[in-house]
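Reproduced below: work_7.txt, with compact mmCIF, C-alpha atoms.
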# COMPACT_ATOMS: atom_id res chain seq x y z
CA MET I 1 0.00 0.00 0.00
CA ALA I 2 1.44 3.40 -0.95
CA ILE I 3 1.12 6.46 1.26
CA ASP I 4 -2.51 7.56 1.30
CA GLN I 5 -2.38 11.18 2.43
CA GLU I 6 -6.15 11.53 2.75
CA LYS I 7 -6.36 8.47 4.95
CA ILE I 8 -3.53 9.68 7.20
CA VAL I 9 -5.03 13.16 7.47
CA ALA I 10 -8.45 11.71 8.30
CA ALA I 11 -6.99 9.48 11.01
CA VAL I 12 -4.52 11.93 12.57
CA SER I 13 -6.81 14.97 12.53
CA GLN I 14 -9.37 13.08 14.58
CA ILE I 15 -6.97 11.99 17.30
CA SER I 16 -8.17 13.63 20.51
CA LEU I 17 -5.34 15.22 22.40
CA SER I 18 -4.94 13.95 25.93
CA ASN I 19 -5.17 16.69 28.51
CA ASP I 20 -3.46 15.83 31.73
CA GLU I 21 -3.46 18.95 33.90
CA GLY I 22 -3.29 21.12 30.79
CA LEU I 23 -0.49 19.20 29.10
CA SER I 24 -1.39 17.37 25.88
CA THR I 25 0.54 14.52 24.35
CA THR I 26 0.32 12.86 20.95
CA PHE I 27 2.91 11.04 18.82
CA GLY I 28 4.94 10.80 22.03
CA ILE I 29 5.45 14.56 22.26
CA LEU I 30 3.86 17.44 24.17
CA VAL I 31 1.71 19.55 21.88
CA GLN I 32 -0.28 22.74 22.14
CA GLN I 33 -2.92 24.13 19.82
CA LEU I 34 -2.58 27.89 19.78
CA PRO I 35 -4.30 30.34 17.43
CA THR I 36 -2.64 30.69 14.02
CA ASP I 37 -3.26 34.41 14.34
CA PHE I 38 -1.02 34.49 17.42
CA TRP I 39 1.95 32.82 15.70
CA ASN I 40 1.53 34.97 12.60
CA THR I 41 1.36 38.15 14.67
CA PHE I 42 4.58 37.25 16.48
CA VAL I 43 6.50 36.65 13.24
CA TRP I 44 4.92 39.71 11.65
CA LYS I 45 6.14 41.87 14.54
CA LEU I 46 9.64 40.44 14.27
CA ILE I 47 9.82 41.19 10.56
CA ASN I 48 8.17 44.59 10.65
CA ASN I 49 10.33 45.85 13.48
CA ALA I 50 13.51 44.77 11.74
CA THR I 51 15.65 47.37 10.02
CA ASP I 52 16.62 47.06 6.36
CA ASP I 53 20.01 45.88 7.54
CA SER I 54 18.71 43.26 9.95
CA ILE I 55 15.69 41.82 8.14
CA GLU I 56 17.62 39.14 6.29
CA THR I 57 19.27 38.01 9.51
CA ILE I 58 15.88 37.83 11.24
CA GLU I 59 14.38 35.82 8.37
CA LYS I 60 17.29 33.38 8.44
CA SER I 61 16.98 33.11 12.22
CA ILE I 62 13.29 32.16 11.97
CA ILE I 63 13.99 29.54 9.30
CA LYS I 64 16.95 28.15 11.25
CA ALA I 65 14.87 27.93 14.44
CA THR I 66 12.07 26.07 12.70
CA GLN I 67 14.49 23.80 10.82
CA GLU I 68 16.05 22.81 14.15
CA GLN I 69 12.72 22.08 15.78
CA ALA I 70 11.28 20.23 12.77
CA TYR I 71 14.40 18.08 12.59
CA VAL I 72 13.89 16.89 16.18
CA THR I 73 10.10 16.71 15.89
CA GLY I 74 10.31 14.77 12.63
CA TYR I 75 12.62 12.25 14.24
CA HIS I 76 10.23 11.76 17.18
CA LEU I 77 7.23 11.43 14.85
CA ILE I 78 8.68 8.55 12.88
CA VAL I 79 9.55 6.48 15.93
CA SER I 80 6.20 6.98 17.69
CA LYS I 81 3.47 4.45 18.41
CA GLU I 82 0.96 6.46 16.35
CA TRP I 83 3.34 6.47 13.36
CA ASN I 84 3.75 2.71 13.57
CA GLU I 85 -0.01 2.23 13.71
CA ILE I 86 -1.14 4.72 11.06
CA VAL I 87 1.69 5.49 8.64
CA ALA I 88 4.24 2.68 8.80
CA PRO I 89 1.94 0.04 7.20
CA MET I 90 1.67 2.28 4.10
CA ILE I 91 5.40 2.70 3.58
CA GLU I 92 6.73 0.90 0.51
CA ARG I 93 9.74 2.99 -0.44
CA HIS I 94 12.25 4.40 1.99
CA PRO I 95 12.77 7.25 2.52
CA GLU I 96 10.41 8.85 -0.03
CA ASP I 97 7.30 7.48 1.65
CA VAL I 98 8.57 8.55 5.05
CA ILE I 99 8.69 12.16 3.86
CA ARG I 100 5.22 11.84 2.36
CA GLY I 101 3.88 10.34 5.59
CA ALA I 102 5.47 13.06 7.73
CA PHE I 103 4.03 15.79 5.48
CA ALA I 104 0.60 14.17 5.84
CA ILE I 105 0.83 14.43 9.64
CA LEU I 106 1.78 18.10 9.51
CA THR I 107 -1.12 18.65 7.11
CA ALA I 108 -3.42 16.95 9.64
CA TRP I 109 -2.08 19.21 12.38
CA GLY I 110 -3.16 22.28 10.40
CA TRP I 111 0.15 23.64 9.06
CA GLY I 112 -1.10 23.61 5.48
CA LYS I 113 -1.80 21.18 2.64
CA LEU I 114 1.61 19.96 1.55
CA GLU I 115 2.27 18.09 -1.66
CA ILE I 116 5.54 16.78 -3.07
CA ILE I 117 5.90 17.87 -6.70
CA GLU I 118 9.43 16.67 -7.37
CA LEU I 119 11.88 14.56 -5.46
CA GLU I 120 15.40 13.84 -6.60
CA PRO I 121 17.00 11.75 -3.86
CA PHE I 122 19.92 13.47 -2.10
CA THR I 123 19.59 16.46 -4.44
CA LYS I 124 16.29 18.28 -4.61
CA LEU I 125 12.76 18.43 -3.25
CA VAL I 126 9.99 20.67 -4.55
CA VAL I 127 6.93 21.13 -2.33
CA ARG I 128 3.68 22.85 -3.12
CA ALA I 129 1.57 24.21 -0.27
CA THR I 130 -1.98 25.47 -0.21
CA ASP I 131 -4.11 26.63 2.72
CA TYR I 132 -1.00 27.11 4.85
CA TYR I 133 -1.64 29.31 7.84
CA GLU I 134 1.42 31.51 7.33
CA SER I 135 -0.14 32.82 4.11
CA GLU I 136 -2.62 34.65 6.33
CA MET I 137 0.18 36.97 7.43
CA ALA I 138 -0.91 39.07 4.46
CA LYS I 139 -4.04 39.98 6.46
CA LEU I 140 -1.85 41.79 8.99
CA GLY I 141 -0.44 44.22 6.44
CA GLN I 142 1.56 44.48 3.27
CA VAL I 143 3.81 41.50 2.59
CA LYS I 144 6.71 42.30 0.28
CA ARG I 145 8.08 38.80 -0.19
CA PRO I 146 7.12 35.21 0.67
CA CYS I 147 7.13 34.69 4.42
CA ALA I 148 6.23 31.05 5.16
CA TYR I 149 9.39 30.69 7.21
CA THR I 150 8.08 27.78 9.27
CA LEU I 151 7.36 25.73 6.16
CA CYS I 152 10.82 26.57 4.79
CA GLY I 153 12.44 25.22 7.94
CA LEU I 154 10.17 22.19 7.98
CA CYS I 155 10.87 21.19 4.37
CA ALA I 156 14.64 21.53 4.81
CA ALA I 157 14.53 19.53 8.05
CA PHE I 158 12.63 16.66 6.45
CA MET I 159 15.31 16.41 3.74
CA ASP I 160 17.95 16.47 6.51
CA LEU I 161 16.21 13.44 8.01
CA ALA I 162 15.51 11.60 4.76
CA TYR I 163 18.81 12.05 2.98
CA PRO I 164 21.33 12.79 5.73
CA ARG I 165 25.02 13.29 5.08
CA THR I 166 25.58 11.57 8.42
CA HIS I 167 23.61 10.09 11.34
CA TYR I 168 20.97 11.83 13.47
CA PRO I 169 21.39 14.36 15.03
CA GLU I 170 24.47 15.51 13.13
CA ALA I 171 22.82 15.98 9.73
CA LEU I 172 20.87 19.11 10.66
CA GLY I 173 21.51 21.83 8.09
CA THR I 174 22.50 19.54 5.23
CA TYR I 175 19.73 21.14 3.16
CA GLN I 176 18.35 24.63 2.72
CA CYS I 177 14.98 25.81 1.47
CA GLN I 178 13.98 28.74 -0.67
CA GLN I 179 10.36 29.79 -0.97
CA THR I 180 9.84 30.81 -4.58
CA LYS I 181 6.08 31.41 -4.56
CA GLY I 182 3.58 32.38 -1.91
CA ILE I 183 -0.15 32.89 -1.55
CA GLU I 184 0.78 35.78 0.74
CA VAL I 185 2.33 37.61 -2.22
CA GLY I 186 -0.46 36.85 -4.70
CA ASP I 187 0.48 33.44 -6.08
CA THR I 188 -2.10 30.66 -6.14
CA TYR I 189 0.09 28.38 -4.04
CA GLY I 190 3.32 28.36 -2.08
CA GLU I 191 6.36 26.70 -3.63
CA PHE I 192 9.39 25.54 -1.71
CA ILE I 193 12.61 24.34 -3.30
CA ILE I 194 14.98 22.39 -1.11
CA THR I 195 18.57 21.80 -2.20
CA LYS I 196 21.92 21.04 -0.59
CA ALA I 197 23.04 23.85 1.68
CA ASP I 198 26.01 25.94 0.68
CA VAL I 199 29.00 24.72 2.63
CA MET Y 1 -23.61 22.60 32.30
CA SER Y 2 -22.52 25.38 34.62
CA GLN Y 3 -22.02 28.89 33.29
CA ASN Y 4 -18.35 28.75 34.24
CA THR Y 5 -17.55 25.60 32.27
CA PHE Y 6 -15.57 26.38 29.15
CA LYS Y 7 -17.21 24.77 26.12
CA PRO Y 8 -14.67 24.13 23.36
CA ASN Y 9 -16.22 23.46 19.98
CA TYR Y 10 -13.51 21.58 18.05
CA HIS Y 11 -13.75 21.47 14.29
CA PHE Y 12 -11.53 20.11 11.54
CA ASP Y 13 -12.21 21.52 8.09
CA ALA Y 14 -11.36 18.51 5.92
CA GLN Y 15 -11.31 20.59 2.75
CA ARG Y 16 -8.74 23.11 3.99
CA CYS Y 17 -7.17 20.78 6.57
CA ARG Y 18 -7.45 23.39 9.28
CA HIS Y 19 -8.39 23.03 12.95
CA SER Y 20 -10.48 25.51 14.88
CA ILE Y 21 -11.70 25.90 18.43
CA ASN Y 22 -14.89 27.95 18.79
CA GLY Y 23 -14.36 29.34 15.30
CA THR Y 24 -10.74 30.45 15.83
CA ASN Y 25 -8.15 28.74 13.63
CA VAL Y 26 -5.54 26.90 15.65
CA VAL Y 27 -2.49 24.86 14.68
CA ARG Y 28 -0.91 21.95 16.49
CA HIS Y 29 2.73 22.44 17.34
CA CYS Y 30 4.96 20.43 19.62
CA TYR Y 31 7.17 21.63 22.43
CA HIS Y 32 10.21 21.72 20.16
CA PHE Y 33 8.43 24.41 18.15
CA THR Y 34 7.49 26.37 21.27
CA ASN Y 35 11.09 26.09 22.50
CA SER Y 36 12.41 27.30 19.16
CA MET Y 37 10.12 30.31 19.12
CA ASN Y 38 11.07 31.22 22.70
CA GLN Y 39 14.72 30.81 21.93
CA LEU Y 40 14.33 32.83 18.75
CA ALA Y 41 12.57 35.61 20.67
CA MET Y 42 15.42 35.73 23.17
CA ALA Y 43 18.10 35.66 20.47
CA VAL Y 44 16.70 38.60 18.50
CA GLU Y 45 15.35 40.61 21.46
CA GLY Y 46 11.82 39.73 20.43
CA GLU Y 47 10.42 38.69 23.82
CA GLN Y 48 8.17 41.75 23.89
CA HIS Y 49 6.75 40.82 20.47
CA LEU Y 50 5.86 37.36 21.74
CA LYS Y 51 4.16 38.85 24.82
CA GLU Y 52 2.26 41.43 22.79
CA ALA Y 53 1.14 38.91 20.15
CA ALA Y 54 -0.19 36.69 22.94
CA GLU Y 55 -1.90 39.53 24.77
CA SER Y 56 -3.69 40.77 21.69
CA SER Y 57 -4.68 37.36 20.36
CA PHE Y 58 -5.99 35.92 23.63
CA TYR Y 59 -7.76 39.17 24.53
CA GLN Y 60 -9.81 38.92 21.36
CA ILE Y 61 -10.58 35.23 21.82
CA LEU Y 62 -11.67 35.46 25.45
CA SER Y 63 -13.55 38.70 24.88
CA ALA Y 64 -15.55 37.12 22.05
CA TYR Y 65 -16.27 34.04 24.15
CA TYR Y 66 -17.47 36.09 27.15
CA SER Y 67 -19.72 38.09 24.89
CA GLN Y 68 -21.17 35.13 22.96
CA GLN Y 69 -21.71 32.98 26.03
CA LYS Y 70 -22.88 35.90 28.17
CA ILE Y 71 -20.20 35.39 30.80
CA ASN Y 72 -20.57 38.40 33.05
CA THR Y 73 -19.29 37.70 36.55
CA LEU Y 74 -15.64 38.06 37.40
CA ALA Y 75 -15.52 34.58 38.93
CA ASP Y 76 -16.90 33.01 35.76
CA LYS Y 77 -14.55 35.00 33.51
CA LEU Y 78 -11.59 33.89 35.60
CA SER Y 79 -12.62 30.24 35.55
CA ILE Y 80 -13.17 30.28 31.77
CA ALA Y 81 -9.73 31.81 31.19
CA GLU Y 82 -8.05 29.14 33.31
CA GLN Y 83 -9.89 26.38 31.46
CA TYR Y 84 -9.08 27.86 28.05
CA TRP Y 85 -5.35 27.85 28.88
CA GLN Y 86 -5.64 24.20 29.90
CA THR Y 87 -7.70 23.26 26.83
CA VAL Y 88 -5.11 24.54 24.37
CA GLY Y 89 -2.43 22.50 26.12
CA MET Y 90 -0.47 25.32 27.72
CA GLY Y 91 -0.72 24.04 31.28
CA LYS Y 92 -2.57 24.56 34.51
CA LEU Y 93 -2.87 28.17 35.52
CA GLN Y 94 -4.45 29.63 38.63
CA LEU Y 95 -5.43 33.28 38.43
CA ILE Y 96 -5.58 35.08 41.78
CA LEU Y 97 -7.80 38.07 42.53
CA THR Y 98 -7.25 40.74 45.14
CA ASP Y 99 -9.97 43.38 45.54
CA SER Y 100 -11.60 42.35 42.22
CA GLN Y 101 -8.35 42.81 40.30
CA LEU Y 102 -6.02 40.17 38.99
CA SER Y 103 -3.00 40.45 41.27
CA ALA Y 104 -1.04 37.24 40.71
CA ALA Y 105 -1.02 33.95 38.86
CA GLU Y 106 0.51 30.55 39.47
CA MET Y 107 1.26 27.81 36.99
CA ILE Y 108 1.86 24.36 38.39
CA HIS Y 109 2.03 22.61 35.01
CA SER Y 110 3.48 24.39 32.00
CA HIS Y 111 3.89 23.29 28.37
CA VAL Y 112 6.64 25.85 27.88
CA ASP Y 113 8.66 24.92 30.97
CA SER Y 114 8.11 21.16 30.63
CA GLY Y 115 9.12 21.26 26.98
CA TRP Y 116 12.21 23.33 27.65
CA LYS Y 117 13.29 21.07 30.51
CA LYS Y 118 12.79 17.95 28.37
CA ALA Y 119 14.94 19.36 25.60
CA LYS Y 120 17.49 21.50 27.39
CA GLY Y 121 17.22 21.13 31.17
CA HIS Y 122 16.99 24.13 33.45
CA HIS Y 123 17.41 27.71 32.34
CA TYR Y 124 18.77 30.69 34.23
CA LYS Y 125 15.81 32.99 33.61
CA PRO Y 126 12.03 32.72 33.05
CA ILE Y 127 10.80 31.89 29.54
CA ASN Y 128 6.99 32.09 29.81
CA PHE Y 129 6.53 35.05 27.46
CA ILE Y 130 3.29 33.62 26.05
CA ALA Y 131 1.83 33.18 29.54
CA VAL Y 132 2.84 36.74 30.43
CA GLY Y 133 0.84 38.00 27.44
CA PHE Y 134 -2.12 35.76 28.28
CA ILE Y 135 -2.24 36.95 31.90
CA ALA Y 136 -1.96 40.60 30.84
CA ALA Y 137 -4.96 40.00 28.53
CA CYS Y 138 -6.94 38.49 31.40
CA ALA Y 139 -6.08 41.39 33.73
CA ALA Y 140 -7.35 43.84 31.14
CA LEU Y 141 -10.53 41.87 30.40
CA PHE Y 142 -11.42 41.48 34.08
CA THR Y 143 -11.36 45.27 34.56
CA ASP Y 144 -12.94 46.14 31.19
CA LYS Y 145 -9.75 47.78 29.98
CA SER Y 146 -7.98 47.52 26.66
CA ILE Y 147 -4.72 45.67 26.15
CA GLY Y 148 -1.46 47.27 27.17
CA ASN Y 149 -2.61 48.36 30.61
CA TYR Y 150 -0.95 45.70 32.75
CA GLU Y 151 2.65 44.74 33.40
CA VAL Y 152 3.11 41.04 34.13
CA THR Y 153 6.40 39.72 35.47
CA GLU Y 154 7.35 36.10 35.98
CA ILE Y 155 9.01 36.14 39.40
CA GLU Y 156 9.46 32.39 39.95
CA SER Y 157 9.82 29.81 37.25
CA ILE Y 158 9.62 26.03 36.87
CA VAL Y 159 12.38 26.09 34.28
CA MET Y 160 14.67 27.78 36.84
CA GLY Y 161 14.02 25.02 39.35
CA ASN Y 162 11.05 26.42 41.27
CA GLU Y 163 8.12 24.14 42.03
CA LYS Y 164 5.76 26.41 40.12
CA SER Y 165 5.88 29.52 38.01
CA MET Y 166 4.62 32.68 39.74
CA PHE Y 167 3.54 35.88 38.04
CA GLU Y 168 3.12 39.32 39.51
CA ILE Y 169 0.63 41.73 37.91
CA LYS Y 170 0.72 45.50 38.18
CA VAL Y 171 -1.09 48.35 36.49
CA LYS Y 172 1.31 49.96 34.01
CA ASP Y 173 2.49 53.40 34.89
CA VAL Y 174 1.61 55.03 31.57
CA THR Y 175 2.79 58.46 32.74
CA HIS Y 176 6.36 57.16 32.63
CA GLY Y 177 5.89 55.34 29.38
CA ASN Y 178 6.30 51.88 30.93
Just dump the structure as structure tokens.
Amino acid sequence: MAIDQEKIVAAVSQISLSNDEGLSTTFGILVQQLPTDFWNTFVWKLINNATDDSIETIEKSIIKATQEQAYVTGYHLIVSKEWNEIVAPMIERHPEDVIRGAFAILTAWGWGKLEIIELEPFTKLVVRATDYYESEMAKLGQVKRPCAYTLCGLCAAFMDLAYPRTHYPEALGTYQCQQTKGIEVGDTYGEFIITKADV
Amino acid sequence: MSQNTFKPNYHFDAQRCRHSINGTNVVRHCYHFTNSMNQLAMAVEGEQHLKEAAESSFYQILSAYYSQQKINTLADKLSIAEQYWQTVGMGKLQLILTDSQLSAAEMIHSHVDSGWKKAKGHHYKPINFIAVGFIAACAALFTDKSIGNYEVTEIESIVMGNEKSMFEIKVKDVTHGN
């Protein structure tokens, strides 16, 4: 059975989060479910308070922070009980199906609808995203360039995990992501191109 | 169901693959993400942005809920706010009133502190910027004021080794631009 994104999304999105004294766990990790508007406002404030000289550094810092977290989160996802029950039985090809399965989980968590358009093992990944929450940053004010920094970090991290130059956790940063299209700047979808990082 | 029981209406829009609670879009993130955002805020001097984003976002959400559900008493508003915080997975918060004003808050379980400790161990200073914003929003709502009127300071912190996180709440001295 190949990866069935719809089936994974349907199963994962309906998992009720435990709530033990206000702490929720799923896929073996603590999770929260905060308003998308809150996260967007935070990033928006960071970007809009940056100077022309510092904005690029801030953008890279956001991507780096999310790449680091997605690298660790991705690793925990694919060794969890829920992964073994829902996704693992669908995996036919390693690691391509692992990436597809992981994207399906993030889609089910509400990050955005993520679709792999092109995958060249060890070289390149092209992802298309629709309905991603970061695109709503455009509602907060004028957006001059694509700003789905979280998805950039996520996509790069998943390539770090799938095609590592060395073992976990040393492979972080093997890949980099560039967002080439964005709903937030008027495109019909977001496009993310992941390639080997400049050394 | 009692008036002071928070009623979360969970919805997953299968077409857009988006979650909402009581009509507000939410996204599921793990503690690694929360840690990264806290660390990012500290690295780029963006702690205030995190606090302000939280204050403004939670103020709107709770305000809308109080209005829609006709929550009018201070005790009910306080209870709903505590339950909301717990529902979204941020921990167990106790809001403390003195003379009908929010004067302090305690958190005995915290997503932010637990996540940080799991990943990195203890830290030398408090990191609950989101909670600070949330509590400031509550203080404003409980006195029918707008956001930006209260200064919340985390004075004890689980991540620093304290048993619970403690927050002190004061009215901002706007005459001095604080």
Each chain Y residue no farther than 7 Å from chain I, nearest pair in Å, all atoms listed in the file, as a tab-separated table:
residue	atom	partner	partner_atom	distance
Y:Arg16	CA	I:Asp131	CA	6.0
Y:Cys17	CA	I:Gly110	CA	5.7
Y:Arg18	CA	I:Gly110	CA	4.6
Y:His19	CA	I:Gly110	CA	5.9
Y:Thr24	CA	I:Pro35	CA	6.6
Y:Asn25	CA	I:Pro35	CA	5.6
Y:Val26	CA	I:Pro35	CA	4.1
Y:Val27	CA	I:Gly110	CA	5.0
Y:Arg28	CA	I:Gln33	CA	4.5
Y:His29	CA	I:Val31	CA	5.5
Y:Cys30	CA	I:Val31	CA	4.1
Y:Tyr31	CA	I:Leu30	CA	5.6
Y:His32	CA	I:Gln69	CA	5.1
Y:Phe33	CA	I:Gln69	CA	5.4
Y:Ser36	CA	I:Ala65	CA	5.4
Y:Leu40	CA	I:Ala65	CA	6.5
Y:Gly46	CA	I:Leu46	CA	6.6
Y:His49	CA	I:Phe42	CA	5.8
Y:Leu50	CA	I:Phe42	CA	5.4
Y:Ala53	CA	I:Phe42	CA	5.3
Y:Ala54	CA	I:Phe38	CA	6.0
Y:Ser57	CA	I:Phe38	CA	5.5
Y:Gln86	CA	I:Gly22	CA	4.0
Y:Thr87	CA	I:Gly22	CA	6.3
Y:Val88	CA	I:Gln33	CA	5.1
Y:Gly89	CA	I:Gln32	CA	4.5
Y:Met90	CA	I:Gly22	CA	5.9
Y:Gly91	CA	I:Gly22	CA	3.9
Y:Lys92	CA	I:Gly22	CA	5.1
Y:His109	CA	I:Glu21	CA	6.7
Y:His111	CA	I:Leu23	CA	6.0
Take the residues from that selection and write them out as a short mmCIF file (atom, residue, chain, number, x, y, z; two decimals), in the frame of the given file, keeping C-alpha atoms.
data_model
loop_
_atom_site.label_atom_id
_atom_site.label_comp_id
_atom_site.auth_asym_id
_atom_site.auth_seq_id
_atom_site.Cartn_x
_atom_site.Cartn_y
_atom_site.Cartn_z
CA ARG Y 16 -8.74 23.11 3.99
CA CYS Y 17 -7.17 20.78 6.57
CA ARG Y 18 -7.45 23.39 9.28
CA HIS Y 19 -8.39 23.03 12.95
CA THR Y 24 -10.74 30.45 15.83
CA ASN Y 25 -8.15 28.74 13.63
CA VAL Y 26 -5.54 26.90 15.65
CA VAL Y 27 -2.49 24.86 14.68
CA ARG Y 28 -0.91 21.95 16.49
CA HIS Y 29 2.73 22.44 17.34
CA CYS Y 30 4.96 20.43 19.62
CA TYR Y 31 7.17 21.63 22.43
CA HIS Y 32 10.21 21.72 20.16
CA PHE Y 33 8.43 24.41 18.15
CA SER Y 36 12.41 27.30 19.16
CA LEU Y 40 14.33 32.83 18.75
CA GLY Y 46 11.82 39.73 20.43
CA HIS Y 49 6.75 40.82 20.47
CA LEU Y 50 5.86 37.36 21.74
CA ALA Y 53 1.14 38.91 20.15
CA ALA Y 54 -0.19 36.69 22.94
CA SER Y 57 -4.68 37.36 20.36
CA GLN Y 86 -5.64 24.20 29.90
CA THR Y 87 -7.70 23.26 26.83
CA VAL Y 88 -5.11 24.54 24.37
CA GLY Y 89 -2.43 22.50 26.12
CA MET Y 90 -0.47 25.32 27.72
CA GLY Y 91 -0.72 24.04 31.28
CA LYS Y 92 -2.57 24.56 34.51
CA HIS Y 109 2.03 22.61 35.01
CA HIS Y 111 3.89 23.29 28.37
#
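We find CA of Glu82 in chain I and CA of Ile15 in chain I to be spaced 9.7 Å apart.
Within the 10 Å cut-off around Arg93 in chain I, using all atoms listed in the file and omitting residues fewer than 5 positions from it on the same chain, the listed residues are Ala2, Ile3 and Val98 of chain I.
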How would the residues just chosen look if you wrote them out with C-alpha atoms as a short mmCIF file (atom, residue, chain, number, x, y, z; two decimals), in the frame of the given file?
data_model
loop_
_atom_site.label_atom_id
_atom_site.label_comp_id
_atom_site.auth_asym_id
_atom_site.auth_seq_id
_atom_site.Cartn_x
_atom_site.Cartn_y
_atom_site.Cartn_z
CA ALA I 2 1.44 3.40 -0.95
CA ILE I 3 1.12 6.46 1.26
CA VAL I 98 8.57 8.55 5.05
#
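Proximity to Glu106 in chain Y was assessed for Y:Lys118, Y:Lys172, Y:Lys125, Y:Lys164 counting only C-alpha atoms; the smallest distance is recorded for Y:Lys164.
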Quiz item: range 173-185 of chain I: which residues within 6 Å, counting all atoms listed in the file, same-chain residues fewer than 3 positions away excluded, as an MDAnalysis selection string?
Solution: chainID I and resid 135 138 146 152 156 160 188:197
Restricting it to C-alpha atoms, dump the selection as a short mmCIF file (atom, residue, chain, number, x, y, z; two decimals), in the coordinates of the input.
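To be explicit, this is the file written out as selection01.cif:
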data_model
loop_
_atom_site.label_atom_id
_atom_site.label_comp_id
_atom_site.auth_asym_id
_atom_site.auth_seq_id
_atom_site.Cartn_x
_atom_site.Cartn_y
_atom_site.Cartn_z
CA SER I 135 -0.14 32.82 4.11
CA ALA I 138 -0.91 39.07 4.46
CA PRO I 146 7.12 35.21 0.67
CA CYS I 152 10.82 26.57 4.79
CA ALA I 156 14.64 21.53 4.81
CA ASP I 160 17.95 16.47 6.51
CA THR I 188 -2.10 30.66 -6.14
CA TYR I 189 0.09 28.38 -4.04
CA GLY I 190 3.32 28.36 -2.08
CA GLU I 191 6.36 26.70 -3.63
CA PHE I 192 9.39 25.54 -1.71
CA ILE I 193 12.61 24.34 -3.30
CA ILE I 194 14.98 22.39 -1.11
CA THR I 195 18.57 21.80 -2.20
CA LYS I 196 21.92 21.04 -0.59
CA ALA I 197 23.04 23.85 1.68
#
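Take CA of Ser103 in chain Y and CA of Tyr84 in chain Y: the distance between them is 19.2 Å.
Between CA of Glu120 in chain I and CA of Glu96 in chain I the separation is 9.6 Å.
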Practice problem: Measuring atom to atom with all atoms listed in the file, identify which of Y:Phe12, Y:Trp116, Y:Phe167, Y:Tyr150 is nearest to Cys138 in chain Y. | Solution: Y:Tyr150
Quiz item: Near Ala137 in chain Y, counting only C-alpha atoms, which residues have an atom at most 12 Å away, once you skip same-chain residues fewer than 6 positions from it, shown as a VMD selection string?
Solution: chain Y and resid 51 to 63 77 to 78 81 95 102 130 to 131 143 to 152 169
